[in-house]
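Containing PDB, C-alpha atoms: structure-v1.pdb.
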ATOM      1  CA  MET A 143       0.000   0.000   0.000
ATOM      2  CA  ILE A 144       1.495   3.311  -1.108
ATOM      3  CA  LYS A 145       0.761   6.451   0.831
ATOM      4  CA  ILE A 146       1.503   9.663  -1.050
ATOM      5  CA  SER A 147       1.088  13.030   0.645
ATOM      6  CA  PHE A 148       1.524  16.608  -0.600
ATOM      7  CA  LYS A 149       2.565  19.644   1.418
ATOM      8  CA  ILE A 150      -0.017  21.708  -0.423
ATOM      9  CA  ASP A 151       1.150  25.101   0.805
ATOM     10  CA  THR A 152       4.765  24.728  -0.410
ATOM     11  CA  CYS A 153       3.650  23.631  -3.890
ATOM     12  CA  LYS A 154       4.178  26.220  -6.622
ATOM     13  CA  GLY A 155       2.152  24.373  -9.250
ATOM     14  CA  CYS A 156       5.080  24.094 -11.677
ATOM     15  CA  GLY A 157       3.892  20.699 -12.907
ATOM     16  CA  LEU A 158       7.301  18.979 -13.108
ATOM     17  CA  CYS A 159       5.828  16.075 -11.097
ATOM     18  CA  VAL A 160       2.963  15.788 -13.588
ATOM     19  CA  GLY A 161       5.415  15.219 -16.438
ATOM     20  CA  ALA A 162       7.502  12.764 -14.391
ATOM     21  CA  CYS A 163       4.714  10.346 -13.369
ATOM     22  CA  PRO A 164       4.985   7.181 -15.498
ATOM     23  CA  LYS A 165       1.350   6.298 -14.723
ATOM     24  CA  LYS A 166       0.043   9.816 -15.528
ATOM     25  CA  LEU A 167      -1.751  10.016 -12.185
ATOM     26  CA  LEU A 168      -0.901  13.578 -11.239
ATOM     27  CA  ARG A 169      -2.441  16.862 -12.276
ATOM     28  CA  ILE A 170      -2.474  20.498 -11.288
ATOM     29  CA  ALA A 171      -5.720  20.953  -9.361
ATOM     30  CA  PRO A 172      -7.893  23.256 -11.473
ATOM     31  CA  ASP A 173     -10.183  24.294  -8.604
ATOM     32  CA  ALA A 174      -7.969  24.234  -5.515
ATOM     33  CA  ILE A 175      -5.740  27.173  -4.603
ATOM     34  CA  ASN A 176      -3.096  27.258  -1.839
ATOM     35  CA  LYS A 177      -1.876  29.943   0.569
ATOM     36  CA  LYS A 178       0.588  31.296  -1.989
ATOM     37  CA  GLY A 179      -2.082  31.513  -4.669
ATOM     38  CA  HIS A 180      -0.840  28.591  -6.760
ATOM     39  CA  HIS A 181      -2.883  25.689  -8.053
ATOM     40  CA  PRO A 182      -1.211  22.769  -6.229
ATOM     41  CA  ALA A 183      -0.475  19.315  -7.599
ATOM     42  CA  GLU A 184      -2.811  16.471  -6.668
ATOM     43  CA  ILE A 185      -3.153  12.761  -7.359
ATOM     44  CA  THR A 186      -6.181  11.599  -9.300
ATOM     45  CA  ASP A 187      -6.116   7.915  -8.319
ATOM     46  CA  ALA A 188      -3.978   7.189  -5.256
ATOM     47  CA  SER A 189      -4.718   3.450  -5.414
ATOM     48  CA  ALA A 190      -2.954   3.183  -8.796
ATOM     49  CA  CYS A 191       0.291   4.775  -7.496
ATOM     50  CA  ILE A 192       3.277   2.411  -7.758
ATOM     51  CA  GLY A 193       5.459   4.410  -5.346
ATOM     52  CA  CYS A 194       8.320   4.926  -7.809
ATOM     53  CA  ALA A 195       8.974   8.418  -6.358
ATOM     54  CA  SER A 196       9.649   9.898  -9.812
ATOM     55  CA  CYS A 197       7.373  12.834  -8.961
ATOM     56  CA  ALA A 198       9.199  13.475  -5.700
ATOM     57  CA  MET A 199      12.586  13.269  -7.473
ATOM     58  CA  MET A 200      11.553  16.014  -9.892
ATOM     59  CA  CYS A 201       9.805  18.236  -7.334
ATOM     60  CA  PRO A 202      11.988  21.318  -6.702
ATOM     61  CA  ASP A 203      10.220  22.090  -3.422
ATOM     62  CA  CYS A 204      10.134  18.719  -1.613
ATOM     63  CA  VAL A 205       6.335  18.831  -1.589
ATOM     64  CA  ILE A 206       5.837  15.075  -1.976
ATOM     65  CA  ARG A 207       6.376  12.429   0.683
ATOM     66  CA  ILE A 208       5.943   8.767  -0.153
ATOM     67  CA  GLU A 209       5.517   5.872   2.256
ATOM     68  CA  LYS A 210       5.095   2.165   1.670
ATOM     69  CA  GLU A 211       3.151   0.127   4.184
TER      70      GLU A 211
ATOM     71  CA  MET B 225       8.579   2.591   5.399
ATOM     72  CA  VAL B 226       9.409   6.027   4.050
ATOM     73  CA  VAL B 227      10.304   5.830   0.353
ATOM     74  CA  PHE B 228      10.911   9.512  -0.153
ATOM     75  CA  ASP B 229      11.043  12.519   2.154
ATOM     76  CA  LYS B 230      12.820  15.827   2.451
ATOM     77  CA  PRO B 231      16.476  15.342   3.517
ATOM     78  CA  LYS B 232      17.438  16.502   7.021
ATOM     79  CA  ALA B 233      20.232  18.745   5.727
ATOM     80  CA  LEU B 234      17.619  20.882   3.987
ATOM     81  CA  LEU B 235      15.647  23.025   6.416
ATOM     82  CA  ASP B 236      11.882  22.892   6.419
ATOM     83  CA  VAL B 237      11.364  26.359   4.947
ATOM     84  CA  PRO B 238       9.789  27.304   1.609
ATOM     85  CA  LEU B 239      12.362  28.073  -1.122
ATOM     86  CA  HIS B 240      12.095  31.488  -2.789
ATOM     87  CA  TYR B 241      12.840  30.140  -6.270
ATOM     88  CA  CYS B 242      10.352  30.596  -9.117
ATOM     89  CA  PRO B 243       7.949  27.747  -9.947
ATOM     90  CA  GLY B 244       9.764  25.076 -11.948
ATOM     91  CA  CYS B 245      13.264  26.373 -11.163
ATOM     92  CA  THR B 246      15.531  23.366 -10.799
ATOM     93  CA  HIS B 247      17.687  25.009  -8.118
ATOM     94  CA  GLY B 248      15.355  23.292  -5.646
ATOM     95  CA  ILE B 249      16.188  19.846  -7.053
ATOM     96  CA  ILE B 250      19.927  20.537  -6.858
ATOM     97  CA  HIS B 251      19.632  21.872  -3.281
ATOM     98  CA  ARG B 252      17.882  18.647  -2.364
ATOM     99  CA  LEU B 253      20.543  16.483  -4.025
ATOM    100  CA  VAL B 254      23.333  18.260  -2.143
ATOM    101  CA  ALA B 255      21.372  17.856   1.112
ATOM    102  CA  GLU B 256      20.740  14.160   0.421
ATOM    103  CA  VAL B 257      24.462  13.604  -0.159
ATOM    104  CA  ILE B 258      25.326  15.441   3.091
ATOM    105  CA  ASP B 259      22.819  13.205   4.920
ATOM    106  CA  GLU B 260      24.106   9.999   3.321
ATOM    107  CA  LEU B 261      27.743  10.774   4.104
ATOM    108  CA  GLY B 262      26.775  11.883   7.638
ATOM    109  CA  ILE B 263      28.817  15.074   7.442
ATOM    110  CA  GLU B 264      26.268  17.743   8.309
ATOM    111  CA  GLY B 265      28.056  18.745  11.510
ATOM    112  CA  ARG B 266      31.386  19.388   9.760
ATOM    113  CA  THR B 267      30.148  20.802   6.461
ATOM    114  CA  ILE B 268      30.476  24.493   5.656
ATOM    115  CA  GLY B 269      28.760  25.737   2.521
ATOM    116  CA  ILE B 270      29.702  28.911   0.677
ATOM    117  CA  ALA B 271      26.730  30.689  -0.909
ATOM    118  CA  PRO B 272      27.201  32.784  -4.055
ATOM    119  CA  VAL B 273      25.663  36.000  -5.305
ATOM    120  CA  GLY B 274      22.803  35.287  -7.666
ATOM    121  CA  CYS B 275      19.550  33.397  -7.341
ATOM    122  CA  ALA B 276      21.099  31.012  -4.815
ATOM    123  CA  VAL B 277      22.268  33.882  -2.596
ATOM    124  CA  MET B 278      19.784  32.827   0.069
ATOM    125  CA  ALA B 279      21.045  29.224   0.122
ATOM    126  CA  TYR B 280      22.280  29.946   3.671
ATOM    127  CA  ASP B 281      18.634  29.989   4.773
ATOM    128  CA  TYR B 282      17.970  26.559   3.298
ATOM    129  CA  PHE B 283      20.866  24.289   4.238
ATOM    130  CA  ALA B 284      21.054  22.987   7.794
ATOM    131  CA  CYS B 285      24.877  23.009   7.807
ATOM    132  CA  ASP B 286      26.916  26.156   8.497
ATOM    133  CA  MET B 287      26.948  28.597   5.610
ATOM    134  CA  ILE B 288      28.986  31.657   4.640
ATOM    135  CA  GLU B 289      27.955  34.244   2.088
ATOM    136  CA  ALA B 290      30.875  35.230  -0.150
ATOM    137  CA  ALA B 291      31.365  38.364  -2.248
ATOM    138  CA  HIS B 292      30.303  37.968  -5.871
ATOM    139  CA  GLY B 293      32.370  35.237  -7.520
ATOM    140  CA  ARG B 294      34.755  34.822  -4.587
ATOM    141  CA  ALA B 295      33.253  31.634  -3.171
ATOM    142  CA  PRO B 296      36.247  29.425  -4.190
ATOM    143  CA  ALA B 297      38.625  31.873  -2.455
ATOM    144  CA  VAL B 298      36.531  31.855   0.729
ATOM    145  CA  ALA B 299      36.242  28.058   0.501
ATOM    146  CA  THR B 300      40.034  27.812   0.212
ATOM    147  CA  GLY B 301      40.438  29.748   3.461
ATOM    148  CA  VAL B 302      37.815  27.725   5.315
ATOM    149  CA  LYS B 303      39.268  24.435   4.102
ATOM    150  CA  ARG B 304      42.875  25.331   4.891
ATOM    151  CA  SER B 305      41.963  26.537   8.389
ATOM    152  CA  ASP B 306      41.105  22.947   9.394
ATOM    153  CA  PRO B 307      41.670  20.582   6.462
ATOM    154  CA  GLU B 308      41.057  17.378   8.439
ATOM    155  CA  HIS B 309      37.720  18.425   9.902
ATOM    156  CA  ASN B 310      36.027  20.888   7.541
ATOM    157  CA  VAL B 311      34.079  19.700   4.517
ATOM    158  CA  VAL B 312      33.632  22.714   2.281
ATOM    159  CA  PHE B 313      31.419  23.164  -0.727
ATOM    160  CA  THR B 314      30.546  26.174  -2.845
ATOM    161  CA  TYR B 315      27.248  26.506  -4.643
ATOM    162  CA  GLN B 316      27.607  28.961  -7.514
ATOM    163  CA  GLY B 317      25.629  30.041 -10.533
ATOM    164  CA  ASP B 318      27.005  30.859 -13.966
ATOM    165  CA  GLY B 319      26.851  34.620 -13.452
ATOM    166  CA  ASP B 320      28.924  34.109 -10.307
ATOM    167  CA  LEU B 321      31.408  31.419 -11.309
ATOM    168  CA  ALA B 322      31.743  31.918 -15.078
ATOM    169  CA  SER B 323      31.942  35.703 -15.215
ATOM    170  CA  ILE B 324      33.072  37.721 -12.191
ATOM    171  CA  GLY B 325      34.497  34.642 -10.448
ATOM    172  CA  THR B 326      36.476  33.174 -13.359
ATOM    173  CA  ALA B 327      39.836  34.031 -11.826
ATOM    174  CA  GLU B 328      38.943  32.437  -8.481
ATOM    175  CA  ILE B 329      37.646  29.198  -9.970
ATOM    176  CA  VAL B 330      40.537  28.789 -12.415
ATOM    177  CA  HIS B 331      43.144  29.251  -9.690
ATOM    178  CA  ALA B 332      41.322  27.117  -7.122
ATOM    179  CA  ALA B 333      41.264  24.360  -9.775
ATOM    180  CA  ALA B 334      44.893  24.941 -10.744
ATOM    181  CA  ARG B 335      45.940  24.622  -7.071
ATOM    182  CA  ASN B 336      43.869  21.438  -6.812
ATOM    183  CA  GLU B 337      42.280  22.926  -3.705
ATOM    184  CA  ASN B 338      40.512  20.155  -1.775
ATOM    185  CA  ILE B 339      36.992  21.608  -2.086
ATOM    186  CA  THR B 340      33.733  20.668  -3.809
ATOM    187  CA  VAL B 341      32.146  23.084  -6.260
ATOM    188  CA  ILE B 342      28.532  22.789  -7.399
ATOM    189  CA  PHE B 343      28.215  24.961 -10.492
ATOM    190  CA  ILE B 344      24.700  25.746 -11.737
ATOM    191  CA  ASN B 345      24.628  26.636 -15.426
ATOM    192  CA  ASN B 346      21.285  28.007 -16.607
ATOM    193  CA  ALA B 347      22.694  30.200 -19.394
ATOM    194  CA  ILE B 348      21.239  33.414 -17.977
ATOM    195  CA  TYR B 349      21.452  35.907 -15.114
ATOM    196  CA  GLY B 350      18.356  34.871 -13.187
ATOM    197  CA  MET B 351      18.250  37.094 -10.112
ATOM    198  CA  THR B 352      18.765  40.390 -11.929
ATOM    199  CA  GLY B 353      16.022  39.686 -14.436
ATOM    200  CA  GLY B 354      17.356  37.615 -17.319
ATOM    201  CA  GLN B 355      20.365  39.399 -18.796
ATOM    202  CA  MET B 356      22.855  37.634 -21.079
ATOM    203  CA  ALA B 357      25.401  35.560 -19.158
ATOM    204  CA  PRO B 358      28.822  34.328 -20.330
ATOM    205  CA  THR B 359      27.137  30.948 -20.757
ATOM    206  CA  SER B 360      24.147  32.190 -22.820
ATOM    207  CA  LEU B 361      23.920  30.277 -26.085
ATOM    208  CA  VAL B 362      24.603  31.821 -29.498
ATOM    209  CA  GLY B 363      21.282  33.201 -30.728
ATOM    210  CA  GLN B 364      19.668  33.057 -27.284
ATOM    211  CA  VAL B 365      17.243  35.903 -26.650
ATOM    212  CA  THR B 366      17.746  37.615 -23.280
ATOM    213  CA  GLN B 367      16.985  41.062 -21.842
ATOM    214  CA  THR B 368      20.328  42.379 -23.085
ATOM    215  CA  SER B 369      20.413  40.424 -26.363
ATOM    216  CA  PRO B 370      16.861  40.982 -27.662
ATOM    217  CA  TYR B 371      17.842  39.855 -31.182
ATOM    218  CA  GLY B 372      19.714  36.800 -29.908
ATOM    219  CA  ARG B 373      23.337  36.557 -28.763
ATOM    220  CA  ASP B 374      25.559  37.696 -31.601
ATOM    221  CA  PRO B 375      29.040  36.119 -31.328
ATOM    222  CA  LYS B 376      30.568  38.951 -33.365
ATOM    223  CA  LEU B 377      29.517  41.391 -30.659
ATOM    224  CA  CYS B 378      29.495  39.242 -27.500
ATOM    225  CA  GLY B 379      31.783  36.327 -28.256
ATOM    226  CA  TYR B 380      31.003  32.688 -27.622
ATOM    227  CA  PRO B 381      29.616  30.955 -24.522
ATOM    228  CA  VAL B 382      32.193  29.769 -21.985
ATOM    229  CA  LYS B 383      32.505  26.022 -21.448
ATOM    230  CA  ILE B 384      33.792  25.783 -17.897
ATOM    231  CA  CYS B 385      34.310  21.999 -17.660
ATOM    232  CA  GLU B 386      36.243  21.848 -20.946
ATOM    233  CA  MET B 387      38.288  24.887 -19.950
ATOM    234  CA  LEU B 388      39.271  23.555 -16.508
ATOM    235  CA  ALA B 389      39.953  20.056 -17.894
ATOM    236  CA  GLU B 390      43.027  21.479 -19.658
ATOM    237  CA  LEU B 391      44.610  22.261 -16.286
ATOM    238  CA  GLU B 392      46.838  19.759 -14.495
ATOM    239  CA  GLY B 393      45.248  20.588 -11.141
ATOM    240  CA  PRO B 394      41.635  19.441 -10.889
ATOM    241  CA  GLU B 395      40.779  15.953  -9.682
ATOM    242  CA  TYR B 396      37.247  15.570 -10.973
ATOM    243  CA  LEU B 397      35.068  17.515 -13.425
ATOM    244  CA  GLU B 398      31.684  16.342 -14.602
ATOM    245  CA  ARG B 399      28.721  17.945 -16.346
ATOM    246  CA  VAL B 400      25.228  16.653 -15.499
ATOM    247  CA  THR B 401      21.674  17.921 -15.745
ATOM    248  CA  VAL B 402      18.426  17.501 -13.803
ATOM    249  CA  ASN B 403      15.808  17.593 -16.556
ATOM    250  CA  SER B 404      14.543  14.021 -16.092
ATOM    251  CA  VAL B 405      14.441  11.357 -13.394
ATOM    252  CA  PRO B 406      17.415   9.341 -14.780
ATOM    253  CA  ASN B 407      19.436  12.558 -15.098
ATOM    254  CA  VAL B 408      18.579  13.548 -11.513
ATOM    255  CA  ARG B 409      19.938  10.166 -10.351
ATOM    256  CA  LYS B 410      23.137  10.664 -12.366
ATOM    257  CA  ALA B 411      23.507  14.188 -10.980
ATOM    258  CA  LYS B 412      23.244  12.866  -7.432
ATOM    259  CA  LYS B 413      25.885  10.248  -8.145
ATOM    260  CA  ALA B 414      28.234  12.936  -9.469
ATOM    261  CA  ILE B 415      27.628  15.231  -6.486
ATOM    262  CA  LYS B 416      28.234  12.347  -4.078
ATOM    263  CA  LYS B 417      31.494  11.530  -5.811
ATOM    264  CA  ALA B 418      32.549  15.176  -5.617
ATOM    265  CA  PHE B 419      32.016  15.160  -1.836
ATOM    266  CA  GLN B 420      33.625  11.727  -1.413
ATOM    267  CA  ASN B 421      36.726  12.952  -3.287
ATOM    268  CA  GLN B 422      37.092  15.734  -0.745
ATOM    269  CA  LEU B 423      36.701  13.321   2.184
ATOM    270  CA  ASP B 424      39.362  11.108   0.583
ATOM    271  CA  GLY B 425      41.655  14.120   0.226
ATOM    272  CA  LYS B 426      41.849  13.794  -3.533
ATOM    273  CA  GLY B 427      41.362  17.461  -4.342
ATOM    274  CA  PHE B 428      39.320  19.836  -6.446
ATOM    275  CA  SER B 429      35.985  18.469  -7.673
ATOM    276  CA  LEU B 430      33.487  20.432  -9.737
ATOM    277  CA  VAL B 431      30.056  19.289 -10.856
ATOM    278  CA  GLU B 432      28.435  21.494 -13.479
ATOM    279  CA  VAL B 433      24.658  21.097 -13.410
ATOM    280  CA  ILE B 434      22.694  22.276 -16.448
ATOM    281  CA  SER B 435      19.654  23.868 -14.859
ATOM    282  CA  ALA B 436      16.395  25.373 -16.087
ATOM    283  CA  CYS B 437      15.249  28.994 -15.691
ATOM    284  CA  PRO B 438      11.671  28.916 -17.006
ATOM    285  CA  THR B 439      10.896  32.483 -15.888
ATOM    286  CA  ASN B 440      13.750  34.186 -17.726
ATOM    287  CA  TRP B 441      13.784  31.787 -20.666
ATOM    288  CA  GLY B 442      10.090  32.672 -21.096
ATOM    289  CA  MET B 443       8.904  29.062 -21.137
ATOM    290  CA  THR B 444       6.673  26.775 -19.122
ATOM    291  CA  PRO B 445       8.656  24.615 -16.652
ATOM    292  CA  GLN B 446       8.027  21.499 -18.753
ATOM    293  CA  LYS B 447       9.099  23.246 -21.977
ATOM    294  CA  ALA B 448      12.259  24.491 -20.229
ATOM    295  CA  LEU B 449      13.272  20.892 -19.424
ATOM    296  CA  GLU B 450      12.809  20.011 -23.091
ATOM    297  CA  TRP B 451      14.842  23.063 -24.135
ATOM    298  CA  ILE B 452      17.762  21.721 -22.050
ATOM    299  CA  ASP B 453      17.698  18.558 -24.181
ATOM    300  CA  SER B 454      17.172  20.280 -27.518
ATOM    301  CA  ASP B 455      19.398  23.357 -27.194
ATOM    302  CA  MET B 456      21.700  23.289 -24.179
ATOM    303  CA  ILE B 457      23.063  19.743 -24.184
ATOM    304  CA  PRO B 458      24.215  19.910 -27.848
ATOM    305  CA  TYR B 459      26.467  22.847 -26.880
ATOM    306  CA  TYR B 460      27.253  21.651 -23.341
ATOM    307  CA  PRO B 461      27.648  17.858 -23.719
ATOM    308  CA  LEU B 462      27.143  15.855 -20.526
ATOM    309  CA  GLY B 463      29.853  13.605 -19.199
ATOM    310  CA  VAL B 464      33.020  13.266 -17.146
ATOM    311  CA  TYR B 465      35.672  15.753 -18.296
ATOM    312  CA  LYS B 466      38.335  14.761 -15.847
ATOM    313  CA  ASP B 467      38.676  12.000 -13.284
ATOM    314  CA  ARG B 468      42.328  11.732 -12.372
ATOM    315  CA  SER B 469      42.211   8.803  -9.950
ATOM    316  CA  ALA B 470      39.990   6.736 -12.262
ATOM    317  CA  ASN B 471      42.443   7.343 -15.103
ATOM    318  CA  SER B 472      45.479   6.459 -13.009
ATOM    319  CA  GLU B 473      43.754   3.264 -11.825
ATOM    320  CA  VAL B 474      43.134   2.315 -15.460
ATOM    321  CA  ALA B 475      46.778   3.044 -16.261
ATOM    322  CA  LYS B 476      47.916   0.664 -13.484
TER     323      LYS B 476
END
Give the structure from this file in structure tokens form.
Amino acid sequence: MIKISFKIDTCKGCGLCVGACPKKLLRIAPDAINKKGHHPAEITDASACIGCASCAMMCPDCVIRIEKE
Amino acid sequence: MVVFDKPKALLDVPLHYCPGCTHGIIHRLVAEVIDELGIEGRTIGIAPVGCAVMAYDYFACDMIEAAHGRAPAVATGVKRSDPEHNVVFTYQGDGDLASIGTAEIVHAAARNENITVIFINNAIYGMTGGQMAPTSLVGQVTQTSPYGRDPKLCGYPVKICEMLAELEGPEYLERVTVNSVPNVRKAKKAIKKAFQNQLDGKGFSLVEVISACPTNWGMTPQKALEWIDSDMIPYYPLGVYKDRSANSEVAK
């Protein structure tokens, strides 16, 4: 079981994680907005995440934390 | 089990960099290496002038802010004051290292000073608003070259790794980039080697990281990563430019 969490308020919505995900599970949330005024990244289907950490590797702001249970 | 989390050597504060700026990735890689080698308590980083000027707010190790371009000179002093204990790295951009700091970096390399240099090449002056840098590509449009860099007027971009590789001094020179996951892994490997060389007392190690500046290149972050592949890497080829101990081992 993969647990992926986002520090929403440090996300700048650059989308580098979106391009890095091999399963195309991430997107920039069109409706949500964070403290800084950016649209943060979010996962569309957390159950399909394989925990490869590609998104976290490409994130310039260490927004993503991944745990395996 | 935690698969991925922020390294301890990077403080839990938001970075001031623009969205999609790869400085954040490189900061994290340096911090991960410091964590893995367990040297946070004895590491002293030298921050440059440029976008990374506030790096002293982000790294958990001790940091010094040097005058523009003089980070290798400051690093030399810090290293020589306690060579056995201090682990010293500089983190410099291209406006810092390749223009005003050229003298310092060339001589630090020539002396084979036992320090680690992380050189960020994004082909532009980021902090001051996107002026042409010594590393800007021929034809690249910047604030001060609105019709593209003209080599007749401004000369050709400086290739730091190739230039320093001609010197006898340096131990290790490698150029990497962080525009994809495999390249991020390779960049980390290079940065780790550059720190390990210092711990082993081998001497001057420089890792040049081709980095993206979406804001001043006028591109989306994703497009900027593609531009690294299509335009920057053909002029700045990736690879190891010098690795003295590896070569001498082969010779044996």
Residues matched by the PyMOL selection byres ((chain B and resi 264) around 10), written as a PDB file with C-alpha atoms, keeping the file's coordinate frame:
ATOM      1  CA  LYS B 232      17.438  16.502   7.021  1.00  0.00           C
ATOM      2  CA  ALA B 233      20.232  18.745   5.727  1.00  0.00           C
ATOM      3  CA  ALA B 255      21.372  17.856   1.112  1.00  0.00           C
ATOM      4  CA  VAL B 257      24.462  13.604  -0.159  1.00  0.00           C
ATOM      5  CA  ILE B 258      25.326  15.441   3.091  1.00  0.00           C
ATOM      6  CA  ASP B 259      22.819  13.205   4.920  1.00  0.00           C
ATOM      7  CA  GLU B 260      24.106   9.999   3.321  1.00  0.00           C
ATOM      8  CA  LEU B 261      27.743  10.774   4.104  1.00  0.00           C
ATOM      9  CA  GLY B 262      26.775  11.883   7.638  1.00  0.00           C
ATOM     10  CA  ILE B 263      28.817  15.074   7.442  1.00  0.00           C
ATOM     11  CA  GLY B 265      28.056  18.745  11.510  1.00  0.00           C
ATOM     12  CA  ARG B 266      31.386  19.388   9.760  1.00  0.00           C
ATOM     13  CA  THR B 267      30.148  20.802   6.461  1.00  0.00           C
ATOM     14  CA  ILE B 268      30.476  24.493   5.656  1.00  0.00           C
ATOM     15  CA  PHE B 283      20.866  24.289   4.238  1.00  0.00           C
ATOM     16  CA  ALA B 284      21.054  22.987   7.794  1.00  0.00           C
ATOM     17  CA  CYS B 285      24.877  23.009   7.807  1.00  0.00           C
ATOM     18  CA  ASP B 286      26.916  26.156   8.497  1.00  0.00           C
ATOM     19  CA  VAL B 311      34.079  19.700   4.517  1.00  0.00           C
TER      20      VAL B 311
END
Considering all atoms listed in the file, tabulate each residue of chain B that lies at most 9 Å from chain A along with its nearest interatomic pair and the corresponding distance in Å to one decimal; arrange the rows by chain and ascending residue number and present them as JSON lines.
{"residue": "B:Met225", "atom": "CA", "partner": "A:Lys210", "partner_atom": "CA", "distance": 5.1}
{"residue": "B:Val226", "atom": "CA", "partner": "A:Glu209", "partner_atom": "CA", "distance": 4.3}
{"residue": "B:Val227", "atom": "CA", "partner": "A:Glu209", "partner_atom": "CA", "distance": 5.2}
{"residue": "B:Phe228", "atom": "CA", "partner": "A:Ile208", "partner_atom": "CA", "distance": 5.0}
{"residue": "B:Asp229", "atom": "CA", "partner": "A:Arg207", "partner_atom": "CA", "distance": 4.9}
{"residue": "B:Lys230", "atom": "CA", "partner": "A:Cys204", "partner_atom": "CA", "distance": 5.7}
{"residue": "B:Pro231", "atom": "CA", "partner": "A:Cys204", "partner_atom": "CA", "distance": 8.8}
{"residue": "B:Val237", "atom": "CA", "partner": "A:Thr152", "partner_atom": "CA", "distance": 8.7}
{"residue": "B:Pro238", "atom": "CA", "partner": "A:Thr152", "partner_atom": "CA", "distance": 6.0}
{"residue": "B:Leu239", "atom": "CA", "partner": "A:Asp203", "partner_atom": "CA", "distance": 6.8}
{"residue": "B:Tyr241", "atom": "CA", "partner": "A:Pro202", "partner_atom": "CA", "distance": 8.9}
{"residue": "B:Cys242", "atom": "CA", "partner": "A:Lys154", "partner_atom": "CA", "distance": 8.0}
{"residue": "B:Pro243", "atom": "CA", "partner": "A:Cys156", "partner_atom": "CA", "distance": 5.0}
{"residue": "B:Gly244", "atom": "CA", "partner": "A:Cys156", "partner_atom": "CA", "distance": 4.8}
{"residue": "B:Cys245", "atom": "CA", "partner": "A:Pro202", "partner_atom": "CA", "distance": 6.9}
{"residue": "B:Thr246", "atom": "CA", "partner": "A:Pro202", "partner_atom": "CA", "distance": 5.8}
{"residue": "B:His247", "atom": "CA", "partner": "A:Pro202", "partner_atom": "CA", "distance": 6.9}
{"residue": "B:Gly248", "atom": "CA", "partner": "A:Pro202", "partner_atom": "CA", "distance": 4.0}
{"residue": "B:Ile249", "atom": "CA", "partner": "A:Pro202", "partner_atom": "CA", "distance": 4.5}
{"residue": "B:Ile250", "atom": "CA", "partner": "A:Pro202", "partner_atom": "CA", "distance": 8.0}
{"residue": "B:His251", "atom": "CA", "partner": "A:Pro202", "partner_atom": "CA", "distance": 8.4}
{"residue": "B:Arg252", "atom": "CA", "partner": "A:Cys204", "partner_atom": "CA", "distance": 7.8}
{"residue": "B:Val402", "atom": "CA", "partner": "A:Met200", "partner_atom": "CA", "distance": 8.0}
{"residue": "B:Asn403", "atom": "CA", "partner": "A:Met200", "partner_atom": "CA", "distance": 8.1}
{"residue": "B:Ser404", "atom": "CA", "partner": "A:Met200", "partner_atom": "CA", "distance": 7.2}
{"residue": "B:Val405", "atom": "CA", "partner": "A:Ser196", "partner_atom": "CA", "distance": 6.2}
{"residue": "B:Val408", "atom": "CA", "partner": "A:Met199", "partner_atom": "CA", "distance": 7.2}
{"residue": "B:Arg409", "atom": "CA", "partner": "A:Met199", "partner_atom": "CA", "distance": 8.5}
{"residue": "B:Thr444", "atom": "CA", "partner": "A:Cys156", "partner_atom": "CA", "distance": 8.1}
{"residue": "B:Pro445", "atom": "CA", "partner": "A:Cys156", "partner_atom": "CA", "distance": 6.1}
{"residue": "B:Gln446", "atom": "CA", "partner": "A:Leu158", "partner_atom": "CA", "distance": 6.2}
{"residue": "B:Leu449", "atom": "CA", "partner": "A:Leu158", "partner_atom": "CA", "distance": 8.9}
### Task
One decimal, Å: what's the distance from atom CA of Gly319 of chain B over to atom CA of Arg304 of chain B, could you say?
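Calculated distance between atom CA of Gly319 of chain B and atom CA of Arg304 of chain B is 26.1 Å.
Going from atom CA of Ser147 of chain A to atom CA of Thr401 of chain B covers 26.8 Å.
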#### Entry: Residue members of the PyMOL selection byres ((chain B and resi 340) around 12) in the file shown, as JSON, numbers by chain
{"B": [254, 267, 268, 269, 270, 295, 296, 299, 300, 303, 310, 311, 312, 313, 314, 315, 316, 329, 332, 333, 336, 337, 338, 339, 341, 342, 343, 394, 395, 396, 397, 398, 414, 415, 416, 417, 418, 419, 420, 421, 422, 423, 424, 425, 426, 427, 428, 429, 430, 431, 432]}
### Message
For the provided coordinates, the residues matched by the PyMOL selection byres ((chain A and resi 186) around 10) should be stated as a list in words.
### Response
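On this input, the PyMOL selection byres ((chain A and resi 186) around 10) captures Lys166, Leu167, Leu168, Arg169, Ile170, Ala171, Ala183, Glu184, Ile185, Asp187, Ala188, Ser189, Ala190 and Cys191 of chain A.
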Pull C-alpha atoms from the residues just selected and write them as a short mmCIF file (atom, residue, chain, number, x, y, z; two decimals), keeping the file's coordinate frame.
data_model
loop_
_atom_site.label_atom_id
_atom_site.label_comp_id
_atom_site.auth_asym_id
_atom_site.auth_seq_id
_atom_site.Cartn_x
_atom_site.Cartn_y
_atom_site.Cartn_z
CA LYS A 166 0.04 9.82 -15.53
CA LEU A 167 -1.75 10.02 -12.18
CA LEU A 168 -0.90 13.58 -11.24
CA ARG A 169 -2.44 16.86 -12.28
CA ILE A 170 -2.47 20.50 -11.29
CA ALA A 171 -5.72 20.95 -9.36
CA ALA A 183 -0.48 19.32 -7.60
CA GLU A 184 -2.81 16.47 -6.67
CA ILE A 185 -3.15 12.76 -7.36
CA ASP A 187 -6.12 7.92 -8.32
CA ALA A 188 -3.98 7.19 -5.26
CA SER A 189 -4.72 3.45 -5.41
CA ALA A 190 -2.95 3.18 -8.80
CA CYS A 191 0.29 4.78 -7.50
#
### Message
For Asp318 of chain B, find every residue with an atom within 10 Å (counting all atoms listed in the file), except residues of its own chain fewer than 3 positions away, and show them as a ChimeraX atom specification.
### Response
/B:274,293,321-326,343-350,357-360,382,384,432,434
